[in-house]
Every structure is written in structure tokens, then in C-alpha cells.
$ cat target.txt   # compact mmCIF, C-alpha atoms
# COMPACT_ATOMS: atom_id res chain seq x y z
CA MET A 1 144.96 149.16 79.88
CA LYS A 2 146.84 145.99 79.00
CA SER A 3 145.94 142.84 80.95
CA PRO A 4 148.93 141.37 82.86
CA ALA A 5 147.85 137.87 81.79
CA ILE A 6 148.08 138.82 78.11
CA SER A 7 151.51 140.33 78.67
CA ILE A 8 152.69 137.16 80.41
CA CYS A 9 151.36 135.02 77.57
CA ARG A 10 153.09 137.19 75.00
CA ILE A 11 156.39 136.65 76.79
CA LEU A 12 155.95 132.95 77.62
CA LEU A 13 154.47 131.71 74.34
CA PRO A 14 157.58 132.20 72.17
CA ALA A 15 159.59 130.49 74.89
CA LEU A 16 157.19 127.57 75.32
CA LEU A 17 156.48 126.92 71.64
CA PRO A 18 159.83 125.25 70.81
CA ALA A 19 159.50 123.09 73.93
CA LEU A 20 155.99 122.01 72.91
CA LEU A 21 157.14 121.21 69.38
CA LEU A 22 160.13 119.22 70.65
CA GLY A 23 157.85 117.37 73.09
CA ALA A 24 155.79 116.18 70.14
CA CYS A 25 158.86 114.51 68.60
CA GLY A 26 159.15 111.61 71.13
CA ALA A 27 157.32 108.31 70.69
CA ASN A 28 154.17 107.86 72.79
CA SER A 29 154.48 104.90 75.10
CA VAL A 30 151.54 102.49 75.46
CA VAL A 31 151.65 99.74 78.09
CA ILE A 32 148.87 97.29 77.23
CA SER A 33 146.69 96.55 80.22
CA GLY A 34 143.29 94.95 80.66
CA SER A 35 141.42 92.25 82.50
CA PHE A 36 140.87 88.82 81.01
CA PRO A 37 138.12 86.37 81.94
CA THR A 38 138.70 82.74 82.83
CA PRO A 39 137.58 80.37 80.04
CA ASN A 40 134.32 78.55 80.71
CA ILE A 41 135.49 75.16 79.35
CA GLY A 42 136.24 71.66 80.61
CA LYS A 43 139.80 71.02 81.87
CA LEU A 44 142.15 68.67 80.03
CA PRO A 45 143.72 65.99 82.30
CA ILE A 46 147.27 67.24 81.72
CA SER A 47 149.91 68.62 84.06
CA LEU A 48 151.68 71.40 82.22
CA ALA A 49 154.84 73.41 82.84
CA VAL A 50 154.83 76.88 81.26
CA VAL A 51 157.92 78.81 80.20
CA TYR A 52 157.64 82.53 79.47
CA ASP A 53 160.95 83.28 77.81
CA ASP A 54 162.53 86.74 77.69
CA ASN A 55 161.22 87.43 74.16
CA LEU A 56 157.65 87.17 75.42
CA GLN A 57 158.16 88.84 78.79
CA GLU A 58 159.89 91.88 77.30
CA PHE A 59 157.97 92.06 74.03
CA THR A 60 157.71 95.57 72.58
CA TYR A 61 156.64 96.94 69.23
CA THR A 62 157.46 100.33 67.73
CA GLU A 63 155.15 101.92 65.18
CA TYR A 64 156.87 104.39 62.86
CA SER A 65 155.29 107.37 61.14
CA GLU A 66 155.39 107.74 57.35
CA THR A 67 158.50 109.93 57.76
CA GLY A 68 160.30 107.20 59.72
CA GLN A 69 159.90 108.81 63.16
CA GLU A 70 159.07 106.61 66.15
CA GLU A 71 155.37 107.24 66.76
CA TYR A 72 154.14 104.67 69.30
CA TYR A 73 156.14 102.38 71.57
CA ILE A 74 153.92 99.49 72.65
CA GLN A 75 154.82 97.22 75.59
CA SER A 76 152.72 94.09 75.48
CA GLY A 77 154.78 91.33 77.15
CA GLN A 78 153.30 91.56 80.65
CA SER A 79 149.72 91.68 79.36
CA HIS A 80 150.34 88.39 77.51
CA ILE A 81 151.67 86.81 80.69
CA GLN A 82 148.63 88.07 82.60
CA LEU A 83 146.40 86.53 79.91
CA PHE A 84 148.13 83.13 79.92
CA ASN A 85 148.08 83.12 83.74
CA ALA A 86 144.28 83.49 83.60
CA VAL A 87 143.67 81.05 80.75
CA LEU A 88 146.02 78.09 81.33
CA PRO A 89 144.89 77.09 84.86
CA ALA A 90 141.31 76.94 83.53
CA MET A 91 142.34 74.71 80.61
CA PHE A 92 144.57 72.14 82.34
CA ASP A 93 144.36 70.09 85.52
CA ASP A 94 147.71 71.26 86.83
CA VAL A 95 149.86 74.19 85.71
CA THR A 96 153.39 75.00 86.94
CA PHE A 97 155.37 78.05 85.88
CA VAL A 98 159.11 77.44 85.41
CA ASP A 99 162.02 79.65 84.33
CA ASN A 100 163.22 77.53 81.40
CA VAL A 101 162.68 74.22 79.59
CA GLU A 102 165.51 72.52 81.54
CA ALA A 103 163.80 73.35 84.86
CA ALA A 104 160.66 71.52 83.70
CA ALA A 105 162.51 68.18 83.55
CA GLY A 106 162.37 67.72 87.32
CA ALA A 107 158.86 69.14 87.73
CA GLY A 108 157.10 65.82 86.97
CA VAL A 109 154.86 67.31 84.29
CA ASP A 110 153.33 65.77 81.15
CA ALA A 111 154.34 68.57 78.82
CA VAL A 112 156.02 71.97 78.60
CA PHE A 113 154.29 74.89 76.88
CA VAL A 114 156.36 77.75 75.41
CA PRO A 115 154.34 80.61 73.83
CA ASN A 116 156.02 83.30 71.75
CA ILE A 117 155.07 86.37 69.72
CA GLU A 118 156.38 86.28 66.14
CA GLU A 119 154.84 89.40 64.66
CA PHE A 120 152.82 92.42 65.76
CA GLN A 121 151.02 94.82 63.43
CA LEU A 122 149.14 98.00 64.16
CA ALA A 123 146.80 99.83 61.77
CA LEU A 124 145.89 103.41 62.64
CA PRO A 125 142.93 105.30 61.10
CA ALA A 126 145.28 108.08 59.96
CA LYS A 127 147.02 105.55 57.69
CA THR A 128 144.21 103.17 56.70
CA ARG A 129 141.44 105.81 56.33
CA LEU A 130 139.11 103.40 58.17
CA ASP A 131 137.26 104.41 61.33
CA VAL A 132 138.87 101.62 63.36
CA TYR A 133 142.15 100.96 65.17
CA GLU A 134 143.37 97.43 64.46
CA VAL A 135 145.91 95.14 66.09
CA TRP A 136 147.06 91.87 64.53
CA ILE A 137 149.42 89.49 66.33
CA LYS A 138 151.03 86.27 65.11
CA TYR A 139 152.19 83.68 67.65
CA ASN A 140 154.33 80.59 67.66
CA MET A 141 153.22 78.03 70.23
CA ARG A 142 155.42 75.09 71.16
CA LEU A 143 154.54 72.03 73.18
CA LEU A 144 157.46 69.86 74.36
CA THR A 145 157.83 66.75 76.46
CA ALA A 146 159.15 67.20 80.00
CA GLU A 147 162.59 66.25 78.61
CA GLY A 148 162.40 69.00 76.01
CA ASP A 149 161.58 66.85 72.95
CA TYR A 150 159.20 68.09 70.26
CA LEU A 151 155.47 67.41 70.64
CA ALA A 152 153.84 70.17 68.61
CA ASP A 153 154.67 73.51 67.05
CA TRP A 154 151.86 75.62 65.64
CA GLU A 155 150.97 79.17 64.67
CA LEU A 156 148.04 81.25 65.87
CA THR A 157 146.91 84.69 64.82
CA SER A 158 144.75 87.08 66.77
CA TYR A 159 142.94 90.22 65.70
CA GLY A 160 141.38 93.07 67.59
CA LYS A 161 139.78 96.34 66.60
CA THR A 162 138.16 99.30 68.25
CA PRO A 163 136.19 102.10 66.57
CA THR A 164 137.31 105.73 66.61
CA GLU A 165 135.43 107.86 69.14
CA THR A 166 135.46 111.60 69.72
CA PHE A 167 137.05 111.65 73.16
CA LEU A 168 139.17 108.48 72.85
CA THR A 169 142.93 109.09 72.74
CA THR A 170 145.03 107.11 70.26
CA GLU A 171 146.86 105.45 73.18
CA SER A 172 143.57 104.26 74.73
CA ALA A 173 142.29 103.07 71.36
CA ILE A 174 145.50 101.06 70.74
CA ASN A 175 145.17 99.54 74.21
CA ASP A 176 141.50 98.63 73.63
CA ALA A 177 142.25 97.04 70.23
CA ALA A 178 145.15 95.07 71.75
CA VAL A 179 142.96 93.82 74.62
CA VAL A 180 140.38 92.62 72.06
CA ALA A 181 143.21 90.86 70.18
CA LEU A 182 144.36 89.20 73.42
CA ARG A 183 140.81 87.98 74.12
CA ASP A 184 140.76 86.64 70.56
CA LEU A 185 144.02 84.81 71.21
CA ALA A 186 142.64 83.29 74.42
CA SER A 187 139.41 82.13 72.77
CA THR A 188 141.14 80.65 69.72
CA PHE A 189 143.84 79.00 71.83
CA ALA A 190 141.36 77.53 74.32
CA LEU A 191 139.04 76.11 71.65
CA SER A 192 141.66 74.91 69.16
CA PHE A 193 144.36 73.46 71.46
CA SER A 194 143.18 69.85 71.41
CA ARG A 195 142.38 70.09 67.66
CA VAL A 196 146.03 70.73 66.67
CA PRO A 197 146.80 67.42 64.82
CA GLU A 198 150.00 66.59 66.77
CA ILE A 199 148.34 67.38 70.11
CA SER A 200 145.22 65.47 69.18
CA ALA A 201 147.38 62.41 68.33
CA TRP A 202 149.41 62.80 71.54
CA LEU A 203 146.26 63.05 73.68
CA ALA A 204 144.79 59.96 71.99
CA ASN A 205 147.94 57.93 72.73
CA ARG A 206 148.13 58.83 76.42
CA MET B 1 101.56 143.73 71.74
CA LYS B 2 104.06 146.14 70.25
CA TYR B 3 107.81 145.64 70.74
CA PRO B 4 110.23 148.58 70.62
CA GLU B 5 111.88 148.85 67.18
CA GLY B 6 115.32 147.60 68.29
CA VAL B 7 113.92 144.46 69.94
CA THR B 8 111.85 143.55 66.85
CA GLY B 9 114.95 143.87 64.68
CA LYS B 10 116.92 141.52 66.95
CA LEU B 11 114.10 138.94 66.97
CA VAL B 12 113.87 139.04 63.16
CA SER B 13 117.63 138.59 62.84
CA LEU B 14 117.41 135.48 65.04
CA VAL B 15 114.73 133.80 62.85
CA PRO B 16 117.26 131.64 60.90
CA VAL B 17 118.70 130.41 64.22
CA TRP B 18 115.22 129.51 65.54
CA VAL B 19 114.42 127.66 62.31
CA LEU B 20 117.69 125.74 62.58
CA MET B 21 117.07 124.86 66.23
CA LEU B 22 113.62 123.52 65.35
CA CYS B 23 115.02 121.52 62.41
CA ALA B 24 117.82 120.10 64.58
CA GLY B 25 115.20 118.16 66.49
CA CYS B 26 113.90 116.61 63.27
CA THR B 27 115.09 113.05 62.92
CA SER B 28 113.10 110.67 60.77
CA THR B 29 113.03 107.09 62.02
CA THR B 30 111.47 104.03 60.43
CA VAL B 31 111.04 100.67 62.15
CA ASP B 32 110.25 97.39 60.38
CA GLU B 33 109.21 94.23 62.20
CA PHE B 34 109.24 90.70 60.81
CA ARG B 35 107.75 88.08 63.12
CA GLN B 36 108.58 84.39 62.61
CA GLY B 37 107.21 82.89 65.81
CA GLU B 38 105.24 83.38 69.02
CA THR B 39 106.94 85.22 71.88
CA GLY B 40 106.36 85.78 75.58
CA ILE B 41 108.53 85.83 78.69
CA ALA B 42 108.08 84.63 82.28
CA SER B 43 108.97 86.86 85.23
CA ASN B 44 112.01 84.71 86.11
CA GLU B 45 113.39 84.79 82.56
CA THR B 46 115.88 87.30 81.15
CA VAL B 47 117.15 88.57 77.80
CA VAL B 48 120.66 89.43 76.71
CA ILE B 49 121.48 91.92 73.96
CA LEU B 50 124.73 91.28 72.09
CA GLY B 51 126.46 93.34 69.39
CA ARG B 52 127.66 91.63 66.21
CA ARG B 53 131.39 92.32 65.73
CA GLN B 54 132.44 89.95 62.94
CA VAL B 55 132.80 92.51 60.15
CA SER B 56 136.23 94.17 59.94
CA SER B 57 135.15 97.60 58.62
CA TYR B 58 132.73 98.44 61.48
CA GLU B 59 131.45 97.04 64.73
CA THR B 60 128.20 97.46 66.60
CA SER B 61 128.89 99.99 69.33
CA ALA B 62 128.78 98.72 72.92
CA ASP B 63 127.17 102.04 73.92
CA PHE B 64 124.27 101.43 71.50
CA VAL B 65 123.82 97.90 72.85
CA GLU B 66 123.75 99.29 76.41
CA CYS B 67 121.29 102.03 75.38
CA VAL B 68 118.83 99.51 73.89
CA GLY B 69 119.22 97.30 76.99
CA ASP B 70 118.45 100.25 79.29
CA ARG B 71 115.43 101.16 77.16
CA ILE B 72 113.80 97.72 77.28
CA ALA B 73 114.49 97.42 81.01
CA GLN B 74 112.61 100.69 81.68
CA GLY B 75 108.98 101.09 82.64
CA ALA B 76 106.39 99.08 84.53
CA ASN B 77 106.67 96.11 82.13
CA GLY B 78 110.46 96.41 81.74
CA LEU B 79 112.35 93.22 80.91
CA SER B 80 115.19 91.81 82.95
CA VAL B 81 118.34 92.36 80.87
CA VAL B 82 121.74 90.69 81.47
CA PRO B 83 124.54 93.23 80.78
CA GLU B 84 126.48 92.37 77.61
CA GLN B 85 129.99 92.38 79.12
CA GLU B 86 128.93 90.29 82.12
CA PHE B 87 127.43 87.70 79.76
CA LEU B 88 130.47 87.70 77.42
CA ASP B 89 132.90 87.25 80.34
CA ALA B 90 130.84 84.44 81.89
CA MET B 91 130.51 82.71 78.51
CA PHE B 92 134.14 83.26 77.48
CA PRO B 93 135.34 82.01 74.96
CA TRP B 94 132.08 80.99 73.26
CA PHE B 95 130.60 84.38 72.31
CA GLU B 96 133.72 86.23 71.12
CA PRO B 97 133.68 87.86 67.62
CA ARG B 98 135.36 84.84 66.03
CA THR B 99 133.52 82.11 67.95
CA ALA B 100 129.97 83.46 68.45
CA PRO B 101 127.15 81.42 66.87
CA LEU B 102 125.98 82.93 63.58
CA ARG B 103 122.87 80.76 63.15
CA THR B 104 120.40 79.16 65.54
CA GLN B 105 121.76 75.72 64.56
CA ASP B 106 125.17 76.86 65.88
CA LEU B 107 123.49 77.86 69.16
CA ALA B 108 121.86 74.44 69.42
CA ARG B 109 125.27 72.83 68.93
CA LEU B 110 126.85 75.19 71.46
CA MET B 111 124.25 74.33 74.07
CA THR B 112 125.45 70.71 74.03
CA GLU B 113 128.55 72.01 75.88
CA GLU B 114 127.74 71.42 79.54
CA GLN B 115 129.36 74.64 80.82
CA VAL B 116 127.56 76.78 78.25
CA ALA B 117 124.15 75.28 79.03
CA LEU B 118 124.75 75.65 82.80
CA THR B 119 125.79 79.30 82.52
CA MET B 120 122.87 80.08 80.20
CA ARG B 121 120.46 78.49 82.68
CA GLY B 122 122.15 80.33 85.55
CA PHE B 123 121.40 83.66 83.88
CA GLY B 124 117.85 82.52 83.05
CA ILE B 125 118.28 83.62 79.42
CA ARG B 126 115.12 83.15 77.31
CA TYR B 127 116.01 85.38 74.37
CA ILE B 128 119.31 86.38 72.76
CA ILE B 129 118.95 89.60 70.77
CA TRP B 130 121.72 90.20 68.22
CA LEU B 131 122.20 93.84 67.27
CA ASP B 132 124.05 94.62 64.06
CA GLY B 133 124.62 98.04 62.52
CA PHE B 134 126.32 101.39 62.82
CA THR B 135 125.86 105.13 62.46
CA GLU B 136 127.63 106.97 59.66
CA THR B 137 127.88 110.54 58.48
CA ILE B 138 126.69 110.53 54.88
CA ASP B 139 126.79 114.17 53.81
CA ARG B 140 129.00 116.93 55.21
CA SER B 141 129.12 120.50 53.95
CA GLY B 142 130.15 124.04 54.94
CA SER B 143 133.16 125.27 56.88
CA ILE B 144 133.95 127.16 60.04
CA SER B 145 137.13 129.09 60.61
CA CYS B 146 138.32 130.14 64.04
CA THR B 147 140.94 132.72 64.90
CA VAL B 148 142.86 133.20 68.12
CA ALA B 149 144.62 136.50 68.68
CA PRO B 150 146.06 138.18 71.78
CA GLY B 151 142.94 140.39 71.89
CA GLY B 152 140.47 137.47 71.82
CA ALA B 153 139.15 134.55 69.81
CA GLY B 154 136.18 133.87 67.59
CA CYS B 155 134.72 131.64 64.90
CA PHE B 156 132.69 132.37 61.78
CA GLY B 157 131.01 130.07 59.30
CA PHE B 158 128.41 127.37 58.96
CA GLY B 159 128.69 123.58 58.91
CA SER B 160 126.12 120.86 58.49
CA TRP B 161 126.08 117.09 58.14
CA GLU B 162 123.59 114.24 57.89
CA ASP B 163 123.81 111.14 60.08
CA ASP B 164 122.27 107.80 59.22
CA ALA B 165 121.86 105.10 61.88
CA SER B 166 120.93 101.70 60.54
CA PHE B 167 120.51 98.76 62.93
CA SER B 168 118.83 95.37 62.87
CA ALA B 169 117.93 93.15 65.82
CA ARG B 170 117.52 89.39 65.39
CA ILE B 171 115.76 87.64 68.24
CA TRP B 172 116.60 84.03 69.09
CA ASP B 173 114.51 81.92 71.44
CA VAL B 174 116.96 79.95 73.59
CA ASN B 175 114.28 77.43 74.65
CA ASN B 176 113.60 76.25 71.08
CA TYR B 177 116.78 77.41 69.26
CA ASN B 178 114.55 79.30 66.81
CA ALA B 179 114.81 82.74 65.27
CA VAL B 180 111.50 84.34 66.26
CA GLY B 181 111.84 87.64 64.44
CA THR B 182 113.84 90.57 63.11
CA ILE B 183 113.34 94.26 63.81
CA SER B 184 115.15 96.86 61.70
CA THR B 185 115.43 100.55 62.32
CA ASP B 186 116.77 103.33 60.16
CA ALA B 187 117.10 106.90 61.46
CA THR B 188 118.41 109.95 59.60
CA GLY B 189 118.83 113.51 60.76
CA GLN B 190 120.57 116.74 59.80
CA SER B 191 122.86 118.55 62.27
CA TYR B 192 123.97 122.20 61.99
CA VAL B 193 126.71 124.32 63.54
CA PRO B 194 126.28 128.03 62.82
CA ALA B 195 129.18 130.08 64.17
CA ILE B 196 129.02 133.83 64.72
CA VAL B 197 131.86 134.37 67.23
CA ILE B 198 130.71 131.30 69.20
CA PRO B 199 129.83 128.01 67.39
CA ILE B 200 126.33 126.79 68.35
CA PRO B 201 125.99 123.05 67.71
CA LEU B 202 122.44 121.96 66.86
CA ILE B 203 122.83 118.20 66.85
CA ALA B 204 120.23 115.73 65.58
CA ARG B 205 120.01 112.85 68.06
CA VAL B 206 119.96 110.18 65.36
CA GLU B 207 121.45 107.22 67.26
CA ALA B 208 119.50 108.09 70.43
CA ASN B 209 116.23 108.09 68.45
CA ALA B 210 117.13 104.79 66.77
CA CYS B 211 117.88 103.31 70.22
CA GLN B 212 114.61 104.56 71.68
CA ARG B 213 112.39 103.31 68.85
CA LEU B 214 114.20 99.97 68.54
CA GLY B 215 114.11 99.44 72.33
CA ASP B 216 110.37 100.12 72.53
CA GLN B 217 109.62 97.85 69.58
CA LEU B 218 111.80 95.05 70.96
CA LYS B 219 110.10 95.21 74.33
CA SER B 220 106.60 94.87 72.88
CA PHE B 221 107.85 92.14 70.51
CA VAL B 222 109.32 90.02 73.32
CA LEU B 223 106.26 90.55 75.53
CA GLY B 224 104.14 89.35 72.62
CA SER B 225 101.92 92.43 72.78

$ encode --input "target.txt" --output "C-alpha cells"
Amino acid sequence: MKSPAISICRILLPALLPALLLGACGANSVVISGSFPTPNIGKLPISLAVVYDDNLQEFTYTEYSETGQEEYYIQSGQSHIQLFNAVLPAMFDDVTFVDNVEAAAGAGVDAVFVPNIEEFQLALPAKTRLDVYEVWIKYNMRLLTAEGDYLADWELTSYGKTPTETFLTTESAINDAAVVALRDLASTFALSFSRVPEISAWLANR
Amino acid sequence: MKYPEGVTGKLVSLVPVWVLMLCAGCTSTTVDEFRQGETGIASNETVVILGRRQVSSYETSADFVECVGDRIAQGANGLSVVPEQEFLDAMFPWFEPRTAPLRTQDLARLMTEEQVALTMRGFGIRYIIWLDGFTETIDRSGSISCTVAPGGAGCFGFGSWEDDASFSARIWDVNNYNAVGTISTDATGQSYVPAIVIPIPLIARVEANACQRLGDQLKSFVLGS
């Protein structure tokens, strides 16, 4: 006697197969999320206005397969804002968040900080043949006077990796590697800020 | 005792499986200890175990670090261990992969930072144990093929591989900023997966054995016994 379940499968499988194959064609979306600790460092006696421009807030990166198909669509803007929101108040005496550089003029601050992402790279084990997922991010940081004049403009890079594990999905691994990269950004930024030559000179002259 | 003929035949046919199951438990582990200074720990002092993550091609697994921490905290003379992530978050950004001290002189310099020294004292850290290493599969052979058909599914074949776990632990005394010793462990073991309809994994617990032996050795090292 034939099992009804087998009969149903025989009917449904040919119908479902094209749908499953088509489903595999879309890019997988990864929204980077994580928690970031507050830096355990002394505060600088500076009042700072921070501008998150649209490029940072809406930053996305698309990883393409070797055949040119969209493979992963990574949204990382909000995680960067969450990171800066945790780090900056621990680094400076007073931090104000403003919509744009012009709005900082009336805020009575010492300087305006504008972070931006310049480049984002992802390395997947399937392509590198290494047992790690890697994320590399390049930033452009700008520090301006309250009136919008140049104070400093410097580049930072951050790197994060996470090893492959049996039950770890690619999306989770990308997220974990990106969170490590964000922690790397925060640690480098916090420890190197006052060593940037222009900032060091500006702090000495205040 | 005499078994009926059919039962004896079945038992004989299972002999290779029994042999494999016995061998699966066979992991060889070696531990080397190099002592550079006296150790001992007071009841109000703690240790923290941290994984080295500077190298780009591998990183010391957080699970292995946790396993060793659990092992040395066990038992009547178990040590008080500060969880790795809790320590890293409290010490942020001083112990991140790019900023962590690589030598005891770097630790001495780091401790001149008021916040770092305060947090270290708050945790009561006496020893920092740096774990560095990884587990790799060094030899893989055999193959298993599985078939799914409307009438059923099944696998047939045989696979085996050898795992090698190699870890070293460097122990720093936070009171004197000295390296007091190094313990290395190397564990190897062969795993098998015979498949006759159903695959039966017979896994050598290489990393678990390395964790157990390293944890026990670290505990007696820190206690000075």
C-alpha cells in the first residue's frame, strides 16, 4: 500500500523545487547588530558636536558572488551610530549630537566630529579558502571647528574576524566578524585620537 | 556459555565496530610545563584566562578559553576565575586583539594607566593566563555516499580523520609583572564514521582532552603544588 505522505511529496516536490531554486537567487540581508562596551579611559576636556551624515547612517555594502550575483546585502550604518554613541560620551567631557555642521555653530562646542565609512571589504571562507570570515573597514574621520573650519582629517582602518564553526550560519559569522571590526575601530579611535598630529597640536594650543 | 549460531554470527560481524568504538576513545595528550618563578594564590585573588587573537589565519577559540576556565574553577581547591568577556568589556579598549599587551613589560606600562590599575584591582586579578593555539584536522580519508529515494534513504561508506589540538598557556603574575611559566599541551586523536544505512560517528574528543589536561595542570601550577 502506498503511503499518502509519499504521494503528497511526489506531487508537491516538482512544484516546490523551482520555488526553492528561485528563492536561492536573492541576496541574503545582514543587519549588523551587537553590543559595545564603554571605553575605560580618561575623558578629554572637550565639548564636541557629532554629525552622522546620511552616508554613515544609511551605509550598506553588497557582496557579489564570482558570477556577479548579489550574494550578501550588509546594513552597517546603525551599528556604527550605536558604537559612536557608546564611545564618544566616555571619551569627551560633553557630547552633543547635531543634524549637520551648520547646526553645530550655535551649539557652543569646541569642535565638530564627522565620521564616515570610505570602504568596506568582506572575505568569505568559500573565496579565501581560510577557516575565518573577515571584515575590513576604512574610515575617514574629520574634526572641524564649531564654525566648520578644518582641524584634522585622518584615516582609520578596522579589522575583524571570526572562525568557521559547524552550526554557525554565514549571516551570523559576517555579523560576528563585523562586530569585532567595530570593537577594533572603537579601541583604535579611543587610544589614537589625541595622538593624531593635528589634534595633538590643537589640544596643546588650547 | 554457548550462544545460538545466529547470535554468534551477528556478534562476530560487529567486531570491527567494537574495535572502532574503543579506538575512538583513544586520544594521546602530552603536557609540558616550564616554570620560571614561584606561584601561589590567596583566597581573595582571582585569575583571568584570555585567548590570543593577534594572528590573522586563526584565533584561539572562546569556547576553549571558557572550557579551561571552567576546569580550573572546579573541585575543592578550584580557583576563582573572571570570565573572559566580562574582563575584556571592563578593560575595553586595552585588551583588544590590536591593543593587548604582548610582553610583561607592556603590562607594566599599561598598569600605569589609573583606570586599568583600578579595574584590575577591582577584579582582584593575581594571574593573567594567555592561551594561544587551535585545533586542526590534519589527515582526512574515506568517503560516504548517501541516497534519498521515495522509498527511503541510506548511507554507505567509511570516513576517518585525525585532529590535532595544540595550545600553550603563558602565566603572568600581575603583582610583579613577571612571566612565571608556560604550559603547552598537544593532543591528537583519530575519529571514524562508518556508515551502513545509518552513519555512526565515533568522535575522538581531542580538544576536550586538551582542555581537561591543560586545566588540571594550570590549576596545580598556580596553586604552587

$ interface_residues --input "target.txt" --of "chain B" --to "chain A" --cutoff "12 Å" --atoms "all atoms listed in the file" --output "number ranges by chain"
B: 53-63, 85-100, 110, 113-120, 134-137, 149-152

$ residues_near_point --input "target.txt" --point "(154.7, 63.8, 67.4)" --cutoff "8 Å" --atoms "all atoms listed in the file" --output "PyMOL selection string"
chain A and resi 150-152+198-199+201-202

$ residues_near_point --input "target.txt" --point "(118.7, 108.6, 60.7)" --cutoff "7 Å" --atoms "all atoms listed in the file" --output "PyMOL selection string"
chain B and resi 27-29+163-165+186-189+206

$ residues_around --input "target.txt" --residues "Glu102 of chain A" --least-positions-apart "6" --cutoff "9 Å" --atoms "only C-alpha atoms" --output "list in words"
Ala146, Glu147 and Gly148 of chain A

$ residues_around --input "target.txt" --residues "Thr182 of chain B" --least-positions-apart "5" --cutoff "7 Å" --atoms "all atoms listed in the file" --output "count of residues only"
7
